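Okay, structure first, notes after.
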Amino acid sequence: MDNRIEVISYKHNGDLHRIWQQAHVVRETNDTMIVVNDKANVIDGDGRRWKTKEPAVCYFYKDYWFNIICMLRNNSIYYYCNLSSPYVKDVEGLKYIDYELDVKVFPSGDCIILDRDEFEFNQVDYEYPEKLVQIVEKEMKDLLERIERGDIPFTSDSVLKDYDIYLNLKKQMNRKKKYQTVQNKK
């Protein structure tokens with residue numbers, strides 16, 4: 001598809017954390033970018049390569065210090081929320097800094113906070129300024145409230161709507177490729 005973008009995450013010290021190749025932009029507003037990846041190639045900062053197992057609708061924000069990955073698995077949606085810097089976009093792709101803390105939300109609505117120990121370790125190791133720690137903690141609280149209220153995208157309807165946009169864009173692109181192939185054979 002013509003709307004491909006790489007999603008690139010870094011650690012606070014500037015080291016590469018992870019790259020998701022060939023995500024597809026389905027919607028973009030002044031403050032939000034929504035991308036879908038489906039069996040995307042992933043490269044970890046240590047060079048390890050792997051592929052995602054299921055489609056995911058991903059919400060990135062310019063005004064919030066988190067992003068939300070909605071994994072479509074077994075007719076359910078699992079949410080993985082990364083506490084991170086707001087995203088920026090440049091010629092290389094969509095970029096953000098990962099701040100270790102994560103929230104996993106199950107289809108039942110239950111959620112767990114992950115990697116607090118890693119966040120606390122990196123506060124010392126990366127010398128996070130106190131203001132940054134306060135921002136991440138406040139954003140964690142705000143994120144948990146959004147989950148509790150069922151704000152978008154914590155509703156299956158909103159996620160499935162954005163996934164349908166991706167599927168329709170994919171169909172259009174496949175029709176366009178077939179048409180071009182036929183035209184090239186003439």
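Here's how to read the names in the structure tokens: chain A, B, ... by the order shown, residue numbers from 1 in each chain, ligand numbers from 1 in the order shown.
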| Residues within 12 Å of Glu120 in chain A, only C-alpha atoms, excluding chain neighbours under 5 positions, as a PyMOL selection string | chain A and resi 99-101+114-115+125-128+130+133+136-137
Can I get the selection written as an mmCIF file, in the first residue's frame, with N, CA and C atoms?
data_model
loop_
_atom_site.group_PDB
_atom_site.id
_atom_site.type_symbol
_atom_site.label_atom_id
_atom_site.label_comp_id
_atom_site.auth_asym_id
_atom_site.auth_seq_id
_atom_site.Cartn_x
_atom_site.Cartn_y
_atom_site.Cartn_z
ATOM 1 N N TYR A 99 9.087 4.389 27.527
ATOM 2 C CA TYR A 99 9.435 4.557 28.939
ATOM 3 C C TYR A 99 9.059 3.344 29.783
ATOM 4 N N GLU A 100 9.213 2.163 29.214
ATOM 5 C CA GLU A 100 9.143 0.867 29.896
ATOM 6 C C GLU A 100 7.790 0.497 30.480
ATOM 7 N N LEU A 101 7.122 1.386 31.212
ATOM 8 C CA LEU A 101 5.852 1.032 31.846
ATOM 9 C C LEU A 101 4.817 0.685 30.788
ATOM 10 N N LEU A 114 2.679 -3.542 33.824
ATOM 11 C CA LEU A 114 3.883 -4.335 33.579
ATOM 12 C C LEU A 114 5.134 -3.468 33.625
ATOM 13 N N ASP A 115 6.231 -4.070 33.978
ATOM 14 C CA ASP A 115 7.582 -3.505 33.851
ATOM 15 C C ASP A 115 7.858 -2.302 34.749
ATOM 16 N N ASP A 125 19.421 4.428 35.841
ATOM 17 C CA ASP A 125 20.370 4.113 34.778
ATOM 18 C C ASP A 125 20.413 5.205 33.707
ATOM 19 N N TYR A 126 19.251 5.693 33.269
ATOM 20 C CA TYR A 126 19.178 6.735 32.238
ATOM 21 C C TYR A 126 19.074 8.136 32.831
ATOM 22 N N GLU A 127 19.059 8.211 34.159
ATOM 23 C CA GLU A 127 18.977 9.495 34.865
ATOM 24 C C GLU A 127 17.767 10.318 34.411
ATOM 25 N N TYR A 128 16.587 9.686 34.490
ATOM 26 C CA TYR A 128 15.370 10.410 34.139
ATOM 27 C C TYR A 128 15.225 11.621 35.055
ATOM 28 N N GLU A 130 13.298 14.300 37.312
ATOM 29 C CA GLU A 130 12.111 14.130 38.164
ATOM 30 C C GLU A 130 10.854 14.586 37.432
ATOM 31 N N VAL A 133 9.612 11.769 35.252
ATOM 32 C CA VAL A 133 8.981 10.720 36.053
ATOM 33 C C VAL A 133 7.563 11.145 36.450
ATOM 34 N N VAL A 136 5.265 10.828 33.372
ATOM 35 C CA VAL A 136 4.930 9.430 33.062
ATOM 36 C C VAL A 136 3.933 8.890 34.081
ATOM 37 N N GLU A 137 4.131 9.195 35.361
ATOM 38 C CA GLU A 137 3.204 8.711 36.399
ATOM 39 C C GLU A 137 1.814 9.329 36.230
#
| task | List every residue of range 23-128 of chain A that DSSP, applied to the backbone of this structure, assigns to strand (DSSP E), and report them as a ChimeraX atom specification. | result | /A:23-28,32-37,41-44,49-51,56-61,66-73,76-84,88-90,93-105,111-114
| request: Show which residues sit within 12 Å of Thr155 in chain A, as JSON, numbers by chain. Count only C-alpha atoms, and ignore same-chain residues fewer than 5 positions away. | output: {"A": [70, 76, 77, 78, 79, 105, 107, 108, 109, 146, 147, 148, 149, 150, 160, 161, 162]}
Those same residues - C-alpha atoms - I'd like them written as a PDB file, in the first residue's frame.
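Contents of part03.pdb, freshly written:
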ATOM      1  CA  CYS A  70      -4.997  -3.196  19.908  1.00  0.00           C
ATOM      2  CA  SER A  76     -11.157 -10.648  20.803  1.00  0.00           C
ATOM      3  CA  ILE A  77      -9.138  -7.484  21.307  1.00  0.00           C
ATOM      4  CA  TYR A  78      -6.155  -7.387  23.643  1.00  0.00           C
ATOM      5  CA  TYR A  79      -4.743  -3.942  24.410  1.00  0.00           C
ATOM      6  CA  VAL A 105      -5.872  -4.919  29.059  1.00  0.00           C
ATOM      7  CA  PRO A 107     -10.935  -8.741  26.668  1.00  0.00           C
ATOM      8  CA  SER A 108     -12.593  -9.127  30.091  1.00  0.00           C
ATOM      9  CA  GLY A 109     -11.550  -5.546  30.939  1.00  0.00           C
ATOM     10  CA  ARG A 146      -9.449   6.177  30.089  1.00  0.00           C
ATOM     11  CA  ILE A 147      -9.443   2.377  30.262  1.00  0.00           C
ATOM     12  CA  GLU A 148     -11.930   2.418  33.150  1.00  0.00           C
ATOM     13  CA  ARG A 149     -14.279   4.795  31.266  1.00  0.00           C
ATOM     14  CA  GLY A 150     -14.023   2.831  28.026  1.00  0.00           C
ATOM     15  CA  LEU A 160     -12.933  -2.710  14.333  1.00  0.00           C
ATOM     16  CA  LYS A 161     -13.974   0.400  12.391  1.00  0.00           C
ATOM     17  CA  ASP A 162     -10.323   1.392  11.959  1.00  0.00           C
TER      18      ASP A 162
END
| message | Give me, as a ChimeraX atom specification, all polymer residues having an atom no more than 9 Å from range 3-5 of chain A, counting only C-alpha atoms and skipping those fewer than 6 positions away in the same chain. | response | /A:20-26,35,92-94
Written file, previous selection with N, CA and C atoms, as a tab-separated table (two decimals), in the first residue's frame:
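Below is the file out-v1.tsv, written as the result:
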chain	number	residue	atom	x	y	z
A	20	TRP	N	9.04	-1.48	13.71
A	20	TRP	CA	8.00	-2.26	13.04
A	20	TRP	C	7.99	-1.78	11.59
A	21	GLN	N	8.27	-2.68	10.68
A	21	GLN	CA	8.33	-2.31	9.27
A	21	GLN	C	6.97	-2.44	8.62
A	22	GLN	N	6.71	-1.55	7.71
A	22	GLN	CA	5.53	-1.57	6.85
A	22	GLN	C	4.20	-1.58	7.60
A	23	ALA	N	4.08	-0.68	8.55
A	23	ALA	CA	2.76	-0.41	9.12
A	23	ALA	C	2.01	0.44	8.09
A	24	HIS	N	0.70	0.45	8.18
A	24	HIS	CA	-0.12	1.17	7.20
A	24	HIS	C	-0.94	2.24	7.91
A	25	VAL	N	-0.79	3.48	7.48
A	25	VAL	CA	-1.56	4.58	8.06
A	25	VAL	C	-2.99	4.47	7.57
A	26	VAL	N	-3.95	4.41	8.51
A	26	VAL	CA	-5.36	4.35	8.11
A	26	VAL	C	-6.06	5.67	8.37
A	35	VAL	N	-2.38	3.49	12.84
A	35	VAL	CA	-1.75	2.60	11.86
A	35	VAL	C	-2.15	1.17	12.16
A	92	GLU	N	11.83	9.32	8.06
A	92	GLU	CA	12.14	7.93	8.41
A	92	GLU	C	10.93	7.17	8.92
A	93	GLY	N	9.97	7.87	9.51
A	93	GLY	CA	8.79	7.19	10.03
A	93	GLY	C	8.20	7.88	11.24
A	94	LEU	N	7.37	7.14	11.95
A	94	LEU	CA	6.73	7.58	13.19
A	94	LEU	C	7.66	7.17	14.32
| request: Take CA of Lys95 in chain A and CA of Asp15 in chain A and report the distance between them in Å, one decimal. | output: 12.3 Å
| message | Taking only C-alpha atoms into account, name the residue in A:Ala40, A:Leu144, A:Ile97, A:Val57 that is nearest to Leu16 in chain A. | response | A:Ile97
| task | Would you mind listing what lies within 7 Å of Ile113 in chain A as an MDAnalysis selection string, with only C-alpha atoms counted and same-chain residues fewer than 3 positions away left out? | result | chainID A and resid 102:104
| Do you know which residues are at most 10 Å from Trp50 in chain A counting only C-alpha atoms, after dropping those on the same chain fewer than 2 positions away, and could you put them as a list of chain:residue names? |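 Contacts, in chain order: A:Trp20, A:Lys39, A:Ala40, A:Asn41, A:Val42, A:Ile43, A:Asp44, A:Gly47, A:Arg48, A:Thr52, A:Lys53.
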| Selected residue, from A:Tyr61, A:Tyr87, A:Phe121, A:Phe154, that lies nearest to Phe106 in chain A when counting only C-alpha atoms |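 Checking each of A:Tyr61, A:Tyr87, A:Phe121, A:Phe154 against Phe106 in chain A, counting only C-alpha atoms, the winner is A:Phe154.
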| query | Using only C-alpha atoms, which residue out of A:Tyr163, A:Ile19, A:Asn37, A:Asn184 lies closest to Tyr96 in chain A? | reply |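 Closest to Tyr96 in chain A, using only C-alpha atoms: A:Ile19.
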| task | Take CA of Lys11 in chain A and CA of Tyr59 in chain A and report the distance between them in Å, one decimal. | result | 19.3 Å
| field | For CA of Leu167 in chain A and CA of Cys58 in chain A, the interatomic separation in Å (one decimal) | value |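 Atom-to-atom, CA of Leu167 in chain A and CA of Cys58 in chain A are spaced 14.6 Å apart.
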| query | Looking at A:Glu139, A:Asp110, A:Glu54, A:Asp98, which one is nearest to Asn122 in chain A, with distances taken over only C-alpha atoms? | reply |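 Going through A:Glu139, A:Asp110, A:Glu54, A:Asp98 one by one, the smallest distance to Asn122 in chain A is for A:Asp98.
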| With distances taken over only C-alpha atoms, which of A:Pro55, A:Pro153, A:Gly45, A:Pro86 is nearest to His17 in chain A? |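 Of A:Pro55, A:Pro153, A:Gly45, A:Pro86, the one nearest His17 in chain A is A:Gly45, counting only C-alpha atoms.
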| task | Could you check which of A:Asp142, A:Asp38, A:Glu6, A:Asp63 is closest to Val91 in chain A, using only C-alpha atoms? | result | A:Glu6
